[in-house]
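Visitor: Take a look at the following structure, please.
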Amino acid sequence: MKLTRRKRNMALITMTPLVDVMMILLVFFMVTSTYLDLDMMPMVQSEAESTGAPGTPAATLLIRITSDGNARLRGQPLTAANLATALQDEPGTRVLILPSGGSNVQGLVSAIQTATEAGAENLRVVRLEAPE
Amino acid sequence: MKLKRRNPPAPQETIVSLIDVIFFLLVFFMMVGRMDATAPFEVSPPVSTAGESLPKGGTTISVAEDGQMALDGVAVAQNDLLTRISSLLSEDQSLFVRINAHGEARLTNLLPLVTALEKAGVQDVVLVVTPNPV
């Protein structure tokens, strides 16, 4: 009598551990990530990129930022409209922002934004020297 | 005689589609996210819609509301910070520096730093802003 060995069933590869691992990875990335929408404003640019023709003295407008963070132009609160009016007289006017050291970063950024909205192209921030 | 009806085998649930979805989500989060060292203190950048898009790469200096500073997620004193920046600059002349300052940080903590960076020879310094308040 011939005995035939029954064929064994092929071992099934279980997907469950794989799914578990992927789920853990997914949850890890979702929990540890903070999603921020970030932009930037240039503070220092290489000479090649900086605008403004050297040697041509242009009129200058000064925007002051007070220690409470409010920007003022010619004694008036800075708005895009009054800066645009001031810029209309002489296009290419250099706009200087003179911040008070006591002001906060938001005050400076808001002033730069207003100046950009008003169409200021030659915009500079007067920087304080590092204490020796 | 009582006939016993055999229970039909339960249909196997396919988890393949579930794996597909999880995999897509995983890849999505890995693609859209940019791994960045976070500062050891709270930093919420100033809000502005006038910003330009932030390029990738570079080194990040974080400035806290009280003036504490961190370089790529590690708290450092300002003198050490400038030394480290100088050594980074000697490796890469076109070093790109991002300053991630808290919106309420004082300019006396920020502007002298920018001046010092420029003196050290950094030619590309940007201030991080956000168009949407956090």
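Following the order of the structure tokens, first chain is A, next is B, and so on, with residues numbered from 1 inside each chain and ligands from 1 in the order they appear.
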Per residue of chain B within 6 Å of chain A, which atom pair is closest and at what distance in Å (one decimal), using only C-alpha atoms, listed by chain and increasing number, as JSON lines?
Guide:
{"residue": "B:Leu26", "atom": "CA", "partner": "A:Leu26", "partner_atom": "CA", "distance": 5.2}
{"residue": "B:Pro46", "atom": "CA", "partner": "A:Gln106", "partner_atom": "CA", "distance": 5.0}
{"residue": "B:Ala50", "atom": "CA", "partner": "A:Gln113", "partner_atom": "CA", "distance": 5.4}
{"residue": "B:Gly51", "atom": "CA", "partner": "A:Met40", "partner_atom": "CA", "distance": 5.0}
{"residue": "B:Glu52", "atom": "CA", "partner": "A:Met40", "partner_atom": "CA", "distance": 5.3}
{"residue": "B:Ser53", "atom": "CA", "partner": "A:Asp39", "partner_atom": "CA", "distance": 4.8}
{"residue": "B:Leu54", "atom": "CA", "partner": "A:Asp39", "partner_atom": "CA", "distance": 4.8}
{"residue": "B:Gly103", "atom": "CA", "partner": "A:Gln106", "partner_atom": "CA", "distance": 4.8}
{"residue": "B:Glu104", "atom": "CA", "partner": "A:Asn104", "partner_atom": "CA", "distance": 5.1}
{"residue": "B:Ala105", "atom": "CA", "partner": "A:Asn104", "partner_atom": "CA", "distance": 5.3}
{"residue": "B:Arg106", "atom": "CA", "partner": "A:Asn104", "partner_atom": "CA", "distance": 4.3}
{"residue": "B:Leu107", "atom": "CA", "partner": "A:Gly101", "partner_atom": "CA", "distance": 5.1}
{"residue": "B:Thr108", "atom": "CA", "partner": "A:Gly101", "partner_atom": "CA", "distance": 4.7}
{"residue": "B:Leu111", "atom": "CA", "partner": "A:Arg127", "partner_atom": "CA", "distance": 5.6}
{"residue": "B:Pro112", "atom": "CA", "partner": "A:Ala130", "partner_atom": "CA", "distance": 4.3}
{"residue": "B:Gln123", "atom": "CA", "partner": "A:Ser46", "partner_atom": "CA", "distance": 5.0}
{"residue": "B:Asp124", "atom": "CA", "partner": "A:Gln45", "partner_atom": "CA", "distance": 5.3}
{"residue": "B:Val125", "atom": "CA", "partner": "A:Val44", "partner_atom": "CA", "distance": 4.9}
{"residue": "B:Val126", "atom": "CA", "partner": "A:Pro42", "partner_atom": "CA", "distance": 4.2}
{"residue": "B:Leu127", "atom": "CA", "partner": "A:Met41", "partner_atom": "CA", "distance": 5.1}
{"residue": "B:Val128", "atom": "CA", "partner": "A:Met40", "partner_atom": "CA", "distance": 4.4}
{"residue": "B:Val129", "atom": "CA", "partner": "A:Asp39", "partner_atom": "CA", "distance": 5.1}
{"residue": "B:Thr130", "atom": "CA", "partner": "A:Leu38", "partner_atom": "CA", "distance": 4.7}
Visitor: Store the residues of this selection in a file with C-alpha atoms, as a compact mmCIF listing (two decimals), in the first residue's frame.
Guide:
# COMPACT_ATOMS: atom_id res chain seq x y z
CA LEU B 26 1.77 58.23 5.98
CA PRO B 46 5.14 87.88 13.87
CA ALA B 50 3.75 90.72 2.96
CA GLY B 51 6.24 87.86 3.38
CA GLU B 52 7.87 85.90 0.58
CA SER B 53 8.00 82.13 0.52
CA LEU B 54 10.58 80.67 2.85
CA GLY B 103 6.43 88.49 17.74
CA GLU B 104 6.63 90.10 21.18
CA ALA B 105 10.45 89.95 21.42
CA ARG B 106 12.10 93.34 21.76
CA LEU B 107 14.02 94.76 18.85
CA THR B 108 17.00 95.32 21.16
CA LEU B 111 18.51 94.11 15.51
CA PRO B 112 21.94 93.96 17.19
CA GLN B 123 25.07 87.60 3.45
CA ASP B 124 21.62 86.09 3.61
CA VAL B 125 19.56 86.67 6.75
CA VAL B 126 15.78 86.50 6.78
CA LEU B 127 13.15 87.02 9.44
CA VAL B 128 10.49 84.35 9.66
CA VAL B 129 6.89 85.61 9.58
CA THR B 130 3.59 83.83 9.31
Visitor: Write out as a short mmCIF file (atom, residue, chain, number, x, y, z; two decimals) with N, CA and C atoms, in the first residue's frame the residues lying within 6 Å of range 88-96 of chain A, counting only C-alpha atoms and excluding same-chain residues fewer than 6 positions away.
Guide:
data_model
loop_
_atom_site.label_atom_id
_atom_site.label_comp_id
_atom_site.auth_asym_id
_atom_site.auth_seq_id
_atom_site.Cartn_x
_atom_site.Cartn_y
_atom_site.Cartn_z
N ALA A 58 18.72 110.16 -3.26
CA ALA A 58 17.27 110.24 -3.40
C ALA A 58 16.70 110.86 -2.15
N ALA A 59 15.49 111.34 -2.28
CA ALA A 59 14.81 111.88 -1.10
C ALA A 59 14.58 110.75 -0.11
N THR A 60 14.52 111.09 1.14
CA THR A 60 14.37 110.06 2.16
C THR A 60 13.16 110.35 3.03
N LEU A 61 12.39 109.32 3.28
CA LEU A 61 11.27 109.42 4.21
C LEU A 61 11.62 108.59 5.44
N LEU A 62 11.32 109.12 6.59
CA LEU A 62 11.66 108.40 7.81
C LEU A 62 10.39 107.94 8.52
N ASN A 122 12.56 101.12 -2.15
CA ASN A 122 13.88 101.27 -1.53
C ASN A 122 13.68 101.40 -0.03
N LEU A 123 13.59 100.26 0.62
CA LEU A 123 13.22 100.23 2.04
C LEU A 123 14.41 99.75 2.87
N ARG A 124 14.74 100.49 3.88
CA ARG A 124 15.85 100.12 4.76
C ARG A 124 15.41 100.21 6.21
N VAL A 125 15.98 99.32 7.02
CA VAL A 125 15.72 99.40 8.46
C VAL A 125 17.01 99.87 9.12
#
Visitor: Tell me, as a ChimeraX atom specification, which residues lie within 9 Å of Gly57 in chain B, counting only C-alpha atoms; anything in the same chain fewer than 3 positions away does not count.
Guide: /B:60,96-97
Visitor: Run DSSP on the backbone and give me the residues of chain B it puts in strand (DSSP E or B), as a PyMOL selection string.
Guide: chain B and resi 47+52-53+59-63+69-71+74-76+96-101+106+124-130
Visitor: Would you mind listing what lies within 12 Å of Thr14 in chain A as an MDAnalysis selection string, with only C-alpha atoms counted and same-chain residues fewer than 6 positions away left out?
Guide: (chainID A and resid 20) or (chainID B and resid 14:16)
Visitor: Given the selection you just returned, output its residues as a file containing C-alpha atoms, formatted as a tab-separated table (two decimals), in the first residue's frame.
Guide:
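Once written, selection-v5.tsv looks like this:
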chain	number	residue	atom	x	y	z
A	20	ASP	CA	0.08	47.99	13.16
B	14	THR	CA	-9.78	42.41	3.06
B	15	ILE	CA	-7.44	44.78	4.82
B	16	VAL	CA	-5.57	45.64	1.66
Visitor: Name the residues of chain B that come out as helix (DSSP H, G or I) in a backbone DSSP run; write them as a PyMOL selection string.
Guide: chain B and resi 16-32+78-91+107-120
Visitor: Could you work out how far CA of Gln93 in chain B lies from CA of Met69 in chain B, giving the answer in Å with one decimal?
Guide: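 A separation of 22.8 Å between them.
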Visitor: Nearest to Pro131 in chain B among B:Pro55, B:Gly73, B:Gly67, B:Pro45, with distances taken over only C-alpha atoms: which residue is it?
Guide: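 Checking each candidate against Pro131 in chain B, we get B:Pro45 as the closest.
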Visitor: What's the separation between CA of Pro40 in chain B and CA of Leu110 in chain B, in Å to one decimal place?
Guide: 17.8 Å
